[in-house]
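Structure first, commentary second.
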Amino acid sequence: MVRDSCCCCFACSFQNFVGKSVCNRIQTNSIKSFLHSGMDPLIRSKLLMVVKIPRKLIKWWKMFSSLEQHALMQKLGTLTSLLDITPRPDLVEAMLTYWDPQNLIFRFGEYEMTPTLAEMSSLTRLSYIGKDLILPRDHSRTRFLSDLGLKDNKHLKCLEQSWISLDYLFARFGPQDSFDVFWDEFCTTKAKWKRRRLETFSLALLGLLGFPLDERHISTCLQSVVMALFHEKQRKTITVVPMILAELYRALSEVREYVRYFEGSNLLLQLWMMEHLHTASLLCPIDRALRDRVVCIERRMKYPKFMYPVGVTAWIEFLGLRTNGNVLWAYLWMISW
């Protein structure tokens with residue numbers, strides 16, 4: 001969306017939410033200084049991000065019944081639809097060329113754009129108005145495992161670094177017979193384990209596609225977020241949308257030389273940009289038929305008439321030619337909560 005004063009105020013408020021001002025984490029304040037920092041827009045950079053949806057995560061999703069999938073979508077909105085997205089890392093890398101970390105905006109020629117709360121809320125179908133922020137919180141090894149219904153395990157050294165692997169979670173909460181296979185590791189009943197399957201899948205999905213870490217590590221700090229989303233009373237008063245946007249701002253502004261990983265949802269960022277590049281028609285059958293905007297954008301991009309560049313260099317040139325007439329500045333399908 002076109003940058004406005006309201007958006008500026010919200011961006012500034014993120015300084016407290018993230019912990020430190022993203023503006024102070026990178027010294028560059030213009031495209032020229034950004035390029036001089038080491039990223040050559042004409043070649044593939046070493047920027048790492050989600051480039052493939054983990055097959056095990058997709059398999060896990062398909063193991064749930066339709067009722068269980070519906071329950072997950074009630075908590076996670078269209079974040080579950082990210083499982084069907086084709087990552088476009090070349091687009092995200094190209095977008096970084098135009099990112100201004102000091103003002104938290106993309107500059108395309110004379111025009112400025114930045115993701116907003118309303119857009120992220122509409123994309124994910126998760127409300128944020130009148131709701132409180134969810135803050136991730138670190139957990140001890142014992143507390144984290146206990147919340148999952150597992151006994152303490154001193155051999156899980158990864159928990160000392162606040163991460164867990166998808167393989168570990170899937171083995172114990174994926175297949176229907178996992179509880180029987182690993183019965184000696186659990187300290188809960190099978191009935192409670194069935195409920196925790198949904199929570200653990202949500203932890204994995206958020207940790208891998210929403211707030212990813214390098215090497216597919218899943219942050220255990222997200223456990224507090226998941227528990228809040230599944231708390232019957234608390235989930236009605238909290239929202240994860242500001243956290244999604246804050247992490248996008250932080251990831252965009254923390255790109256570093258040589259060793260760097262994009263710790264925001266590059267999938268949501270690419271969807272946000274792709275939708276602004278498509279001058280949507282209210283008569284488009286895809287737009288009218290689908291309420292899930294994530295699925296809608298992905299399916300539309302597969303149509304031959306919506307062919308876009310391939311490769312970082314091509315995307316940089318394409319984005320640099322955007323004008324007021326070939327960009328959709330405001331979504332036509334924004335949700336009014």
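FYI, nothing fancy with the structure tokens labels: chains A, B, ... in order, residues from 1 per chain, ligands from 1 as they appear.
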Inset, instruction - Write out as a PyMOL selection string all residues of region 41-151 of chain A that DSSP puts in strand (DSSP E) for this structure's backbone. - result: chain A and resi 47-48+99-100+105-108+111-113+132-133
Can you build me a table of region 100-183 of chain A residues sitting at most 10 Å from region 218-223 of chain A, with the closest atom pair per residue and its distance in Å to one decimal, using only C-alpha atoms, sorted by chain and residue number, as a Markdown table?
| residue | atom | partner | partner_atom | distance |
| --- | --- | --- | --- | --- |
| A:Ile134 | CA | A:Leu222 | CA | 9.7 |
| A:Leu135 | CA | A:Leu222 | CA | 8.6 |
| A:Pro136 | CA | A:Cys221 | CA | 5.2 |
| A:Arg137 | CA | A:Cys221 | CA | 4.9 |
| A:Asp138 | CA | A:Cys221 | CA | 4.6 |
| A:His139 | CA | A:Cys221 | CA | 6.4 |
| A:Ser140 | CA | A:Thr220 | CA | 9.3 |
| A:Arg141 | CA | A:Thr220 | CA | 9.2 |
| A:Phe144 | CA | A:Thr220 | CA | 7.3 |
| A:Leu145 | CA | A:Thr220 | CA | 9.9 |
| A:Asp147 | CA | A:Gln223 | CA | 8.4 |
| A:Leu148 | CA | A:Gln223 | CA | 9.2 |
| A:Cys158 | CA | A:Thr220 | CA | 9.8 |
| A:Leu159 | CA | A:Thr220 | CA | 7.5 |
| A:Glu160 | CA | A:Thr220 | CA | 9.9 |
| A:Gln161 | CA | A:Ser219 | CA | 9.0 |
| A:Ser162 | CA | A:Thr220 | CA | 5.2 |
| A:Trp163 | CA | A:Ser219 | CA | 4.5 |
| A:Ile164 | CA | A:Ile218 | CA | 5.2 |
| A:Ser165 | CA | A:Ile218 | CA | 6.0 |
| A:Leu166 | CA | A:Ile218 | CA | 7.1 |
| A:Leu169 | CA | A:Ile218 | CA | 9.8 |
Inset, instruction - Would you kindly return, as a PyMOL selection string, each protein, DNA or RNA residue with an atom no farther than 12 Å from any atom of Ser65 (chain A), considering only C-alpha atoms and excluding same-chain residues fewer than 4 positions away? - result: chain A and resi 60-61+69-72+176+194+197-198
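With distances restricted to only C-alpha atoms, A:Ala251 is the closest residue to Leu48 (chain A) from A:Ala118, A:Val241, A:Leu133, A:Ala251.
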Inset, instruction - Based on DSSP run over this structure's backbone, return all residues of region 5-229 of chain A in alpha helix (DSSP H), as a PyMOL selection string. - result: chain A and resi 5-18+31-36+55-62+66-76+89-96+117-124+141-147+166-173+178-181+190-205+223-229
Which polymer residues have any atom within 7 Å of an atom of region 306-311 of chain A, counting only C-alpha atoms, with same-chain residues fewer than 4 positions away left out, as a short mmCIF file (atom, residue, chain, number, x, y, z; two decimals) with C-alpha atoms, in the first residue's frame?
data_model
loop_
_atom_site.label_atom_id
_atom_site.label_comp_id
_atom_site.auth_asym_id
_atom_site.auth_seq_id
_atom_site.Cartn_x
_atom_site.Cartn_y
_atom_site.Cartn_z
CA ASP A 90 14.51 -14.16 -6.88
CA MET A 301 0.12 -16.45 -11.12
CA TRP A 315 13.10 -8.70 -11.37
#
Inset, instruction - For CA of Met273 (chain A) and CA of Asp132 (chain A), determine how far apart the two atoms are, in Å to one decimal place. - result: 26.9 Å
Legend entry - Pro54 (chain A) environment, 10 Å, only C-alpha atoms, sequence neighbours closer than 3 positions dropped, as a PyMOL selection string: chain A and resi 50-51+57-59+83+166+205+208-209+216
Save out the residues we just selected, C-alpha atoms, as a PDB file, in the first residue's frame.
ATOM      1  CA  VAL A  50      12.624 -20.466   2.537  1.00  0.00           C
ATOM      2  CA  VAL A  51      13.003 -21.821  -1.001  1.00  0.00           C
ATOM      3  CA  LEU A  57       5.240 -30.535   6.935  1.00  0.00           C
ATOM      4  CA  ILE A  58       2.913 -31.045   3.955  1.00  0.00           C
ATOM      5  CA  LYS A  59       2.615 -34.740   4.792  1.00  0.00           C
ATOM      6  CA  LEU A  83       1.951 -25.014   2.296  1.00  0.00           C
ATOM      7  CA  LEU A 166      10.805 -30.761  12.432  1.00  0.00           C
ATOM      8  CA  LEU A 205       4.263 -24.258  10.579  1.00  0.00           C
ATOM      9  CA  LEU A 208       9.226 -22.933   9.338  1.00  0.00           C
ATOM     10  CA  LEU A 209       7.075 -20.655   7.171  1.00  0.00           C
ATOM     11  CA  ARG A 216      15.054 -25.240   9.263  1.00  0.00           C
TER      12      ARG A 216
END
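The smallest atom-to-atom distance between His231 (chain A) and any of A:Leu104, A:Leu267, A:Lys75, A:Asp84, using only C-alpha atoms, is found for A:Lys75.
CA of Ala94 (chain A) sits 21.0 Å away from CA of Leu82 (chain A).
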